[in-house]
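To keep things clear, I will list the structure first and then write my remarks on it.
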Amino acid sequence: IKGGSYADIAAHPWQAAIFVKYRRVPGEHFLCGGILISSCWVLSAAHCFEEGFSANQLKIVLGRTSRATPEDNEQQFQVKSYTVHQRYDSENFNNDIALLQLNSDAEDCAIETDTVRAACLPTPALHLPKISKFVSPEGHVRLFPASQCTTQHLGNRTVTDNMLCAGDTRNLDDACKGDSGGPLVCMKDDRMYLIGIISWGIGCGRKDIPGVYTNVSRYLDWIQDNTNP
Ligand code: 4AZ
């Protein structure tokens with residue numbers, strides 16, 4: 001996060017941290033953020049998995065505020081399997097979305113607590129207020145209109161309808177390195193809805209250059225199809 005401020009996990013209980021375990025030696029490194037969308041499913045960005053990890057190398061932590069500081073009430077899961085979008089394009093990050101299934105012996109995986117809770121997916125008809133304040137883990141950004149979310153605004157890179165732009169008009173808060181796969185949420189009727197997945201950008205917090213997010217509303221059918229095998 002560029003700019004932004006401290007945020008406790010209880011304020012963003014759908015935020016997940018995805019780690020990769022080393023193959024030989026004990027230990028792990030942080031890979032990407034993720035978003036809990038139901039007891040056993042986490043969304044993330046496809047580009048996080050370009051190295052082709054096997055599911056058993058991955059570990060998901062829920063309920064942890066600081067990614068390097070384990071907490072008493074956190075919940076850890078192995079990954080049963082994961083799916084990267086079939087049309088993910090590593091050249092331009094089109095379809096930058098992946099689904100991970102948490103491994104559990106029981107029917108449920110994550111248990112809802114003060115620090116672990118799924119985000120709501122938008123319904124196809126979810127209409128956002130004209131001017132809405134969006135919250136990604138620690139920063140506050142506004143959705144940019146499509147007219148300010150084009151190739152011209154983003155260093156001549158490809159921008160598709162599967163992407164959303166959001167930024168801080170004061171050009172302070174922005175997603176940055178390490179935030180990928182994490183959520184862009186918006187409050188509506190007292191609930192937080194997942195609007196975007198942190199995907200890419202040209203630098204961080206630069207004046208008039210928004211961050212780019214996967215447009216979750218374009219993937220509601222894909223999520224439905226891939227979470228109901
Ligand atoms: C990154 O490297 C990254 N400012 C994510 C988002 C943005 C920039 C970089 C947007 O994961």
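In the structure tokens, the first chain shown is A, the next is B, and so on; residue numbers restart at 1 for each chain, and ligands run from 1 in the order shown.
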
Counting only C-alpha atoms and all ligand atoms, what residues are within 12 Å of ligand 1, given as a tab-separated table (two decimals) with all heavy atoms, in the first residue's frame?
```tsv
chain	number	residue	atom	x	y	z
A	1	ILE	N	0.85	-1.20	0.00
A	1	ILE	CA	0.00	0.00	0.00
A	1	ILE	C	0.88	1.25	0.00
A	1	ILE	O	1.85	1.32	0.76
A	1	ILE	CB	-0.93	0.02	1.24
A	1	ILE	CG1	-1.96	-1.11	1.16
A	1	ILE	CG2	-1.60	1.37	1.40
A	1	ILE	CD1	-3.18	-0.84	0.31
A	2	LYS	N	0.50	2.19	-0.86
A	2	LYS	CA	1.16	3.50	-0.85
A	2	LYS	C	0.19	4.43	-0.12
A	2	LYS	O	-1.01	4.40	-0.40
A	2	LYS	CB	1.39	3.96	-2.30
A	2	LYS	CG	2.12	5.27	-2.45
A	2	LYS	CD	3.62	5.06	-2.52
A	2	LYS	CE	4.38	6.35	-2.29
A	2	LYS	NZ	4.00	7.39	-3.23
A	3	GLY	N	0.70	5.25	0.77
A	3	GLY	CA	-0.19	6.06	1.60
A	3	GLY	C	-0.91	5.13	2.54
A	3	GLY	O	-0.34	4.17	3.04
A	31	LEU	N	3.37	-14.73	-0.79
A	31	LEU	CA	3.17	-14.68	-2.24
A	31	LEU	C	2.26	-13.53	-2.64
A	31	LEU	O	2.65	-12.66	-3.42
A	31	LEU	CB	2.57	-16.02	-2.72
A	31	LEU	CG	2.27	-16.11	-4.22
A	31	LEU	CD1	3.55	-16.10	-5.03
A	31	LEU	CD2	1.45	-17.36	-4.53
A	32	CYS	N	1.05	-13.52	-2.12
A	32	CYS	CA	0.03	-12.57	-2.57
A	32	CYS	C	-1.08	-12.48	-1.54
A	32	CYS	O	-1.18	-13.33	-0.66
A	32	CYS	CB	-0.59	-13.04	-3.89
A	32	CYS	SG	0.22	-12.39	-5.37
A	33	GLY	N	-1.92	-11.49	-1.71
A	33	GLY	CA	-3.14	-11.41	-0.93
A	33	GLY	C	-4.22	-12.28	-1.58
A	33	GLY	O	-4.03	-12.82	-2.68
A	44	SER	N	-8.09	-14.76	-5.76
A	44	SER	CA	-6.82	-14.03	-5.81
A	44	SER	C	-6.57	-13.63	-7.27
A	44	SER	O	-7.47	-13.74	-8.11
A	44	SER	CB	-5.69	-14.89	-5.24
A	44	SER	OG	-4.49	-14.15	-5.15
A	45	ALA	N	-5.38	-13.17	-7.54
A	45	ALA	CA	-5.02	-12.76	-8.90
A	45	ALA	C	-4.29	-13.91	-9.61
A	45	ALA	O	-3.43	-14.56	-9.02
A	45	ALA	CB	-4.13	-11.52	-8.85
A	46	ALA	N	-4.62	-14.13	-10.87
A	46	ALA	CA	-3.98	-15.21	-11.64
A	46	ALA	C	-2.46	-15.01	-11.72
A	46	ALA	O	-1.70	-15.98	-11.68
A	46	ALA	CB	-4.58	-15.27	-13.04
A	47	HIS	N	-2.02	-13.75	-11.83
A	47	HIS	CA	-0.59	-13.53	-12.07
A	47	HIS	C	0.27	-13.98	-10.88
A	47	HIS	O	1.48	-14.16	-11.04
A	47	HIS	CB	-0.31	-12.07	-12.47
A	47	HIS	CG	-0.26	-11.09	-11.34
A	47	HIS	ND1	-1.30	-10.24	-11.03
A	47	HIS	CD2	0.73	-10.80	-10.46
A	47	HIS	CE1	-0.95	-9.48	-10.00
A	47	HIS	NE2	0.28	-9.81	-9.63
A	48	CYS	N	-0.35	-14.17	-9.72
A	48	CYS	CA	0.40	-14.67	-8.56
A	48	CYS	C	0.88	-16.11	-8.76
A	48	CYS	O	1.80	-16.56	-8.08
A	48	CYS	CB	-0.49	-14.61	-7.31
A	48	CYS	SG	-0.99	-12.93	-6.87
A	93	PHE	N	-2.28	-9.07	-18.42
A	93	PHE	CA	-3.05	-9.29	-17.18
A	93	PHE	C	-4.56	-9.25	-17.41
A	93	PHE	O	-5.32	-8.98	-16.48
A	93	PHE	CB	-2.64	-8.28	-16.08
A	93	PHE	CG	-1.33	-8.63	-15.40
A	93	PHE	CD1	-0.42	-9.50	-15.97
A	93	PHE	CD2	-1.01	-8.09	-14.15
A	93	PHE	CE1	0.78	-9.82	-15.34
A	93	PHE	CE2	0.20	-8.39	-13.51
A	93	PHE	CZ	1.09	-9.26	-14.10
A	96	ASP	N	-7.26	-11.53	-14.85
A	96	ASP	CA	-6.32	-11.76	-13.75
A	96	ASP	C	-7.08	-12.21	-12.50
A	96	ASP	O	-7.26	-11.43	-11.55
A	96	ASP	CB	-5.52	-10.48	-13.48
A	96	ASP	CG	-4.30	-10.72	-12.62
A	96	ASP	OD1	-3.96	-11.89	-12.37
A	96	ASP	OD2	-3.69	-9.71	-12.19
A	136	SER	N	-9.47	-0.54	-0.14
A	136	SER	CA	-8.66	-1.73	-0.29
A	136	SER	C	-7.90	-1.82	1.03
A	136	SER	O	-8.03	-0.94	1.84
A	136	SER	CB	-7.79	-1.66	-1.54
A	136	SER	OG	-7.11	-0.47	-1.64
A	139	GLY	N	-6.01	1.59	2.18
A	139	GLY	CA	-6.14	2.89	1.53
A	139	GLY	C	-7.56	3.15	1.07
A	139	GLY	O	-8.36	2.23	0.95
A	141	VAL	N	-9.77	4.74	-1.97
A	141	VAL	CA	-9.67	5.15	-3.37
A	141	VAL	C	-11.08	5.29	-3.95
A	141	VAL	O	-12.04	4.78	-3.40
A	141	VAL	CB	-8.86	4.13	-4.21
A	141	VAL	CG1	-7.41	4.09	-3.77
A	141	VAL	CG2	-9.47	2.72	-4.12
A	154	LEU	N	-2.79	4.78	-19.08
A	154	LEU	CA	-2.00	3.76	-18.39
A	154	LEU	C	-0.80	3.33	-19.22
A	154	LEU	O	-0.59	2.13	-19.48
A	154	LEU	CB	-2.89	2.58	-17.99
A	154	LEU	CG	-3.77	2.92	-16.78
A	154	LEU	CD1	-5.07	2.16	-16.78
A	154	LEU	CD2	-3.00	2.69	-15.49
A	164	LEU	N	-10.86	-2.60	-13.89
A	164	LEU	CA	-11.41	-1.38	-13.31
A	164	LEU	C	-10.24	-0.53	-12.84
A	164	LEU	O	-9.22	-1.06	-12.43
A	164	LEU	CB	-12.21	-1.71	-12.05
A	164	LEU	CG	-13.57	-2.34	-12.13
A	164	LEU	CD1	-14.04	-2.64	-10.71
A	164	LEU	CD2	-14.53	-1.38	-12.81
A	165	CYS	N	-10.41	0.77	-12.89
A	165	CYS	CA	-9.39	1.66	-12.34
A	165	CYS	C	-9.92	2.33	-11.09
A	165	CYS	O	-11.08	2.76	-11.05
A	165	CYS	CB	-9.04	2.75	-13.35
A	165	CYS	SG	-8.18	2.16	-14.81
A	166	ALA	N	-9.08	2.46	-10.10
A	166	ALA	CA	-9.44	3.20	-8.90
A	166	ALA	C	-8.20	3.88	-8.36
A	166	ALA	O	-7.09	3.36	-8.45
A	166	ALA	CB	-10.04	2.27	-7.85
A	167	GLY	N	-8.42	5.06	-7.83
A	167	GLY	CA	-7.30	5.81	-7.28
A	167	GLY	C	-7.79	6.89	-6.34
A	167	GLY	O	-8.99	7.09	-6.18
A	168	ASP	N	-6.84	7.53	-5.75
A	168	ASP	CA	-7.10	8.59	-4.78
A	168	ASP	C	-6.89	9.90	-5.52
A	168	ASP	O	-5.82	10.14	-6.06
A	168	ASP	CB	-6.09	8.43	-3.64
A	168	ASP	CG	-6.32	9.41	-2.52
A	168	ASP	OD1	-7.11	10.36	-2.69
A	168	ASP	OD2	-5.70	9.21	-1.46
A	171	ASN	N	-4.04	11.69	-4.97
A	171	ASN	CA	-2.91	10.87	-5.40
A	171	ASN	C	-1.99	10.39	-4.27
A	171	ASN	O	-0.79	10.33	-4.41
A	171	ASN	CB	-2.11	11.54	-6.54
A	171	ASN	CG	-1.38	12.81	-6.11
A	171	ASN	OD1	-0.42	12.76	-5.36
A	171	ASN	ND2	-1.83	13.94	-6.60
A	172	LEU	N	-2.61	10.02	-3.17
A	172	LEU	CA	-1.81	9.49	-2.06
A	172	LEU	C	-1.98	7.97	-1.96
A	172	LEU	O	-1.04	7.22	-2.16
A	172	LEU	CB	-2.22	10.13	-0.74
A	172	LEU	CG	-1.93	11.64	-0.64
A	172	LEU	CD1	-2.57	12.22	0.59
A	172	LEU	CD2	-0.42	11.86	-0.59
A	173	ASP	N	-3.20	7.53	-1.66
A	173	ASP	CA	-3.41	6.11	-1.42
A	173	ASP	C	-3.47	5.33	-2.74
A	173	ASP	O	-4.09	5.76	-3.70
A	173	ASP	CB	-4.73	5.88	-0.66
A	173	ASP	CG	-4.67	6.41	0.76
A	173	ASP	OD1	-3.65	7.02	1.11
A	173	ASP	OD2	-5.64	6.20	1.50
A	174	ASP	N	-2.84	4.17	-2.75
A	174	ASP	CA	-2.86	3.31	-3.93
A	174	ASP	C	-2.39	1.92	-3.51
A	174	ASP	O	-1.65	1.78	-2.53
A	174	ASP	CB	-1.91	3.87	-5.01
A	174	ASP	CG	-2.08	3.20	-6.38
A	174	ASP	OD1	-3.04	2.45	-6.58
A	174	ASP	OD2	-1.22	3.46	-7.24
A	175	ALA	N	-2.85	0.93	-4.26
A	175	ALA	CA	-2.29	-0.40	-4.07
A	175	ALA	C	-0.86	-0.39	-4.59
A	175	ALA	O	-0.49	0.44	-5.42
A	175	ALA	CB	-3.12	-1.43	-4.83
A	176	CYS	N	-0.04	-1.30	-4.09
A	176	CYS	CA	1.36	-1.32	-4.53
A	176	CYS	C	1.89	-2.75	-4.42
A	176	CYS	O	1.16	-3.69	-4.13
A	176	CYS	CB	2.17	-0.33	-3.69
A	176	CYS	SG	3.71	0.17	-4.50
A	177	LYS	N	3.16	-2.89	-4.67
A	177	LYS	CA	3.82	-4.19	-4.64
A	177	LYS	C	3.45	-4.95	-3.37
A	177	LYS	O	3.48	-4.39	-2.28
A	177	LYS	CB	5.33	-3.96	-4.68
A	177	LYS	CG	6.15	-5.15	-5.12
A	177	LYS	CD	7.58	-4.67	-5.41
A	177	LYS	CE	8.62	-5.71	-5.07
A	177	LYS	NZ	8.37	-7.05	-5.57
A	178	GLY	N	3.09	-6.20	-3.51
A	178	GLY	CA	2.73	-7.00	-2.34
A	178	GLY	C	1.24	-7.03	-2.06
A	178	GLY	O	0.77	-7.87	-1.29
A	179	ASP	N	0.50	-6.11	-2.66
A	179	ASP	CA	-0.95	-6.08	-2.42
A	179	ASP	C	-1.73	-6.97	-3.39
A	179	ASP	O	-2.91	-7.25	-3.17
A	179	ASP	CB	-1.50	-4.66	-2.56
A	179	ASP	CG	-0.90	-3.71	-1.53
A	179	ASP	OD1	-0.55	-4.16	-0.43
A	179	ASP	OD2	-0.79	-2.51	-1.84
A	180	SER	N	-1.09	-7.38	-4.47
A	180	SER	CA	-1.77	-8.14	-5.52
A	180	SER	C	-2.61	-9.28	-4.97
A	180	SER	O	-2.20	-9.96	-4.02
A	180	SER	CB	-0.73	-8.76	-6.46
A	180	SER	OG	-0.35	-7.82	-7.42
A	181	GLY	N	-3.77	-9.48	-5.58
A	181	GLY	CA	-4.66	-10.55	-5.15
A	181	GLY	C	-5.59	-10.11	-4.04
A	181	GLY	O	-6.55	-10.81	-3.72
A	182	GLY	N	-5.32	-8.97	-3.44
A	182	GLY	CA	-6.14	-8.47	-2.34
A	182	GLY	C	-7.39	-7.74	-2.85
A	182	GLY	O	-7.58	-7.56	-4.05
A	183	PRO	N	-8.25	-7.34	-1.92
A	183	PRO	CA	-9.57	-6.83	-2.27
A	183	PRO	C	-9.67	-5.32	-2.49
A	183	PRO	O	-8.97	-4.54	-1.85
A	183	PRO	CB	-10.40	-7.21	-1.04
A	183	PRO	CG	-9.41	-7.10	0.10
A	183	PRO	CD	-8.09	-7.53	-0.48
A	184	LEU	N	-10.61	-4.96	-3.35
A	184	LEU	CA	-11.17	-3.61	-3.42
A	184	LEU	C	-12.63	-3.78	-3.07
A	184	LEU	O	-13.37	-4.47	-3.80
A	184	LEU	CB	-11.02	-3.05	-4.84
A	184	LEU	CG	-11.72	-1.72	-5.13
A	184	LEU	CD1	-11.07	-0.58	-4.35
A	184	LEU	CD2	-11.70	-1.41	-6.61
A	196	GLY	N	-13.28	-5.37	-6.75
A	196	GLY	CA	-12.07	-5.58	-7.56
A	196	GLY	C	-11.03	-6.42	-6.85
A	196	GLY	O	-11.07	-6.62	-5.64
A	197	ILE	N	-10.11	-6.95	-7.66
A	197	ILE	CA	-8.95	-7.67	-7.15
A	197	ILE	C	-7.72	-6.90	-7.59
A	197	ILE	O	-7.59	-6.55	-8.78
A	197	ILE	CB	-8.89	-9.10	-7.72
A	197	ILE	CG1	-10.16	-9.88	-7.37
A	197	ILE	CG2	-7.65	-9.85	-7.22
A	197	ILE	CD1	-10.28	-11.22	-8.11
A	198	ILE	N	-6.84	-6.58	-6.67
A	198	ILE	CA	-5.65	-5.78	-6.99
A	198	ILE	C	-4.82	-6.51	-8.04
A	198	ILE	O	-4.45	-7.68	-7.85
A	198	ILE	CB	-4.83	-5.50	-5.72
A	198	ILE	CG1	-5.68	-4.68	-4.72
A	198	ILE	CG2	-3.53	-4.78	-6.08
A	198	ILE	CD1	-5.07	-4.55	-3.33
A	199	SER	N	-4.56	-5.84	-9.17
A	199	SER	CA	-3.96	-6.52	-10.31
A	199	SER	C	-2.64	-5.89	-10.76
A	199	SER	O	-1.61	-6.53	-10.71
A	199	SER	CB	-4.97	-6.57	-11.46
A	199	SER	OG	-4.45	-7.22	-12.60
A	200	TRP	N	-2.66	-4.65	-11.22
A	200	TRP	CA	-1.43	-4.05	-11.73
A	200	TRP	C	-1.52	-2.52	-11.72
A	200	TRP	O	-2.55	-1.95	-11.35
A	200	TRP	CB	-1.09	-4.56	-13.14
A	200	TRP	CG	-2.09	-4.26	-14.22
A	200	TRP	CD1	-3.23	-4.99	-14.50
A	200	TRP	CD2	-2.04	-3.20	-15.17
A	200	TRP	NE1	-3.88	-4.42	-15.56
A	200	TRP	CE2	-3.17	-3.33	-16.00
A	200	TRP	CE3	-1.15	-2.14	-15.40
A	200	TRP	CZ2	-3.44	-2.44	-17.05
A	200	TRP	CZ3	-1.41	-1.27	-16.45
A	200	TRP	CH2	-2.55	-1.42	-17.26
A	201	GLY	N	-0.45	-1.89	-12.12
A	201	GLY	CA	-0.44	-0.44	-12.19
A	201	GLY	C	0.88	0.04	-12.75
A	201	GLY	O	1.79	-0.75	-13.02
A	202	ILE	N	0.93	1.35	-12.99
A	202	ILE	CA	2.18	1.98	-13.41
A	202	ILE	C	2.69	2.70	-12.17
A	202	ILE	O	2.20	3.77	-11.83
A	202	ILE	CB	1.93	3.01	-14.54
A	202	ILE	CG1	1.04	2.42	-15.65
A	202	ILE	CG2	3.24	3.57	-15.08
A	202	ILE	CD1	1.73	1.51	-16.60
A	203	GLY	N	3.62	2.10	-11.49
A	203	GLY	CA	4.08	2.68	-10.23
A	203	GLY	C	2.96	2.68	-9.20
A	203	GLY	O	1.97	1.96	-9.35
A	204	CYS	N	3.12	3.44	-8.16
A	204	CYS	CA	2.14	3.47	-7.08
A	204	CYS	C	1.93	4.90	-6.61
A	204	CYS	O	2.90	5.61	-6.34
A	204	CYS	CB	2.64	2.64	-5.90
A	204	CYS	SG	3.12	0.95	-6.33
A	205	GLY	N	0.67	5.31	-6.52
A	205	GLY	CA	0.34	6.62	-5.98
A	205	GLY	C	0.81	7.78	-6.82
A	205	GLY	O	1.01	8.88	-6.31
A	206	ARG	N	0.96	7.54	-8.13
A	206	ARG	CA	1.38	8.65	-9.00
A	206	ARG	C	0.17	9.50	-9.39
A	206	ARG	O	-0.92	8.97	-9.59
A	206	ARG	CB	2.04	8.09	-10.25
A	206	ARG	CG	3.37	7.45	-9.94
A	206	ARG	CD	4.32	7.69	-11.09
A	206	ARG	NE	4.93	6.45	-11.52
A	206	ARG	CZ	5.40	6.24	-12.75
A	206	ARG	NH1	5.28	7.16	-13.67
A	206	ARG	NH2	5.97	5.09	-13.05
A	207	LYS	N	0.40	10.76	-9.53
A	207	LYS	CA	-0.69	11.69	-9.82
A	207	LYS	C	-1.41	11.27	-11.10
A	207	LYS	O	-0.80	11.05	-12.13
A	207	LYS	CB	-0.12	13.11	-9.98
A	207	LYS	CG	-1.23	14.14	-10.14
A	207	LYS	CD	-0.73	15.55	-9.87
A	207	LYS	CE	-1.75	16.59	-10.31
A	207	LYS	NZ	-3.13	16.30	-9.88
A	208	ASP	N	-2.74	11.16	-10.98
A	208	ASP	CA	-3.62	10.86	-12.11
A	208	ASP	C	-3.41	9.49	-12.73
A	208	ASP	O	-3.96	9.21	-13.80
A	208	ASP	CB	-3.51	11.94	-13.20
A	208	ASP	CG	-3.98	13.29	-12.70
A	208	ASP	OD1	-4.90	13.30	-11.86
A	208	ASP	OD2	-3.42	14.32	-13.13
A	209	ILE	N	-2.62	8.62	-12.11
A	209	ILE	CA	-2.51	7.25	-12.63
A	209	ILE	C	-3.16	6.31	-11.62
A	209	ILE	O	-2.64	6.12	-10.51
A	209	ILE	CB	-1.05	6.84	-12.90
A	209	ILE	CG1	-0.38	7.86	-13.83
A	209	ILE	CG2	-1.02	5.44	-13.51
A	209	ILE	CD1	1.01	7.47	-14.28
A	210	PRO	N	-4.32	5.74	-11.99
A	210	PRO	CA	-5.02	4.86	-11.04
A	210	PRO	C	-4.36	3.49	-10.94
A	210	PRO	O	-3.56	3.11	-11.80
A	210	PRO	CB	-6.41	4.75	-11.66
A	210	PRO	CG	-6.16	4.89	-13.14
A	210	PRO	CD	-5.01	5.85	-13.28
A	211	GLY	N	-4.71	2.76	-9.92
A	211	GLY	CA	-4.37	1.35	-9.86
A	211	GLY	C	-5.38	0.56	-10.69
A	211	GLY	O	-6.51	1.01	-10.89
A	212	VAL	N	-4.98	-0.60	-11.19
A	212	VAL	CA	-5.88	-1.39	-12.02
A	212	VAL	C	-6.28	-2.66	-11.26
A	212	VAL	O	-5.44	-3.31	-10.63
A	212	VAL	CB	-5.23	-1.73	-13.38
A	212	VAL	CG1	-6.23	-2.45	-14.29
A	212	VAL	CG2	-4.72	-0.46	-14.06
A	213	TYR	N	-7.56	-2.97	-11.34
A	213	TYR	CA	-8.17	-4.06	-10.58
A	213	TYR	C	-8.94	-4.97	-11.52
A	213	TYR	O	-9.51	-4.51	-12.51
A	213	TYR	CB	-9.16	-3.49	-9.54
A	213	TYR	CG	-8.52	-2.59	-8.51
A	213	TYR	CD1	-8.17	-1.27	-8.82
A	213	TYR	CD2	-8.25	-3.06	-7.23
A	213	TYR	CE1	-7.57	-0.44	-7.87
A	213	TYR	CE2	-7.66	-2.25	-6.28
A	213	TYR	CZ	-7.32	-0.94	-6.60
A	213	TYR	OH	-6.73	-0.14	-5.67
A	214	THR	N	-8.97	-6.25	-11.23
A	214	THR	CA	-9.84	-7.17	-11.95
A	214	THR	C	-11.29	-6.82	-11.61
A	214	THR	O	-11.64	-6.68	-10.43
A	214	THR	CB	-9.54	-8.62	-11.53
A	214	THR	OG1	-8.14	-8.84	-11.64
A	214	THR	CG2	-10.29	-9.61	-12.41
```

According to DSSP computed on the backbone, where in chain A is there helix (DSSP H, G or I)? Give the residues as an MDAnalysis selection string. chainID A and resid 9:11 46:49 55:57 146:148 151:153 216:227

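Nearest residue to A:Asp114 among A:Ala68, A:Lys59, A:Tyr219, A:Asn73 is A:Asn73, counting only C-alpha atoms.
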
All residues 12 Å or closer to A:Asp221, only C-alpha atoms, same chain fewer than 6 positions away omitted, as a short mmCIF file (atom, residue, chain, number, x, y, z; two decimals) with C-alpha atoms, in the first residue's frame:
```cif
data_model
loop_
_atom_site.label_atom_id
_atom_site.label_comp_id
_atom_site.auth_asym_id
_atom_site.auth_seq_id
_atom_site.Cartn_x
_atom_site.Cartn_y
_atom_site.Cartn_z
CA LEU A 121 -19.94 -10.90 -4.04
CA PRO A 122 -21.83 -8.26 -5.96
CA THR A 123 -25.12 -9.34 -7.52
CA PRO A 124 -25.41 -8.72 -11.27
CA THR A 227 -16.99 -23.23 -6.91
CA ASN A 228 -19.76 -25.77 -7.61
#
```

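Rounded to one decimal, atom CA of A:Tyr82 and atom CA of A:Ile18 lie 12.1 Å from each other.
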
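The shortest atom-to-atom distance to A:Ser90, with only C-alpha atoms taken into account, belongs to A:Glu51 out of A:Glu112, A:Arg117, A:Glu51, A:Asp190.
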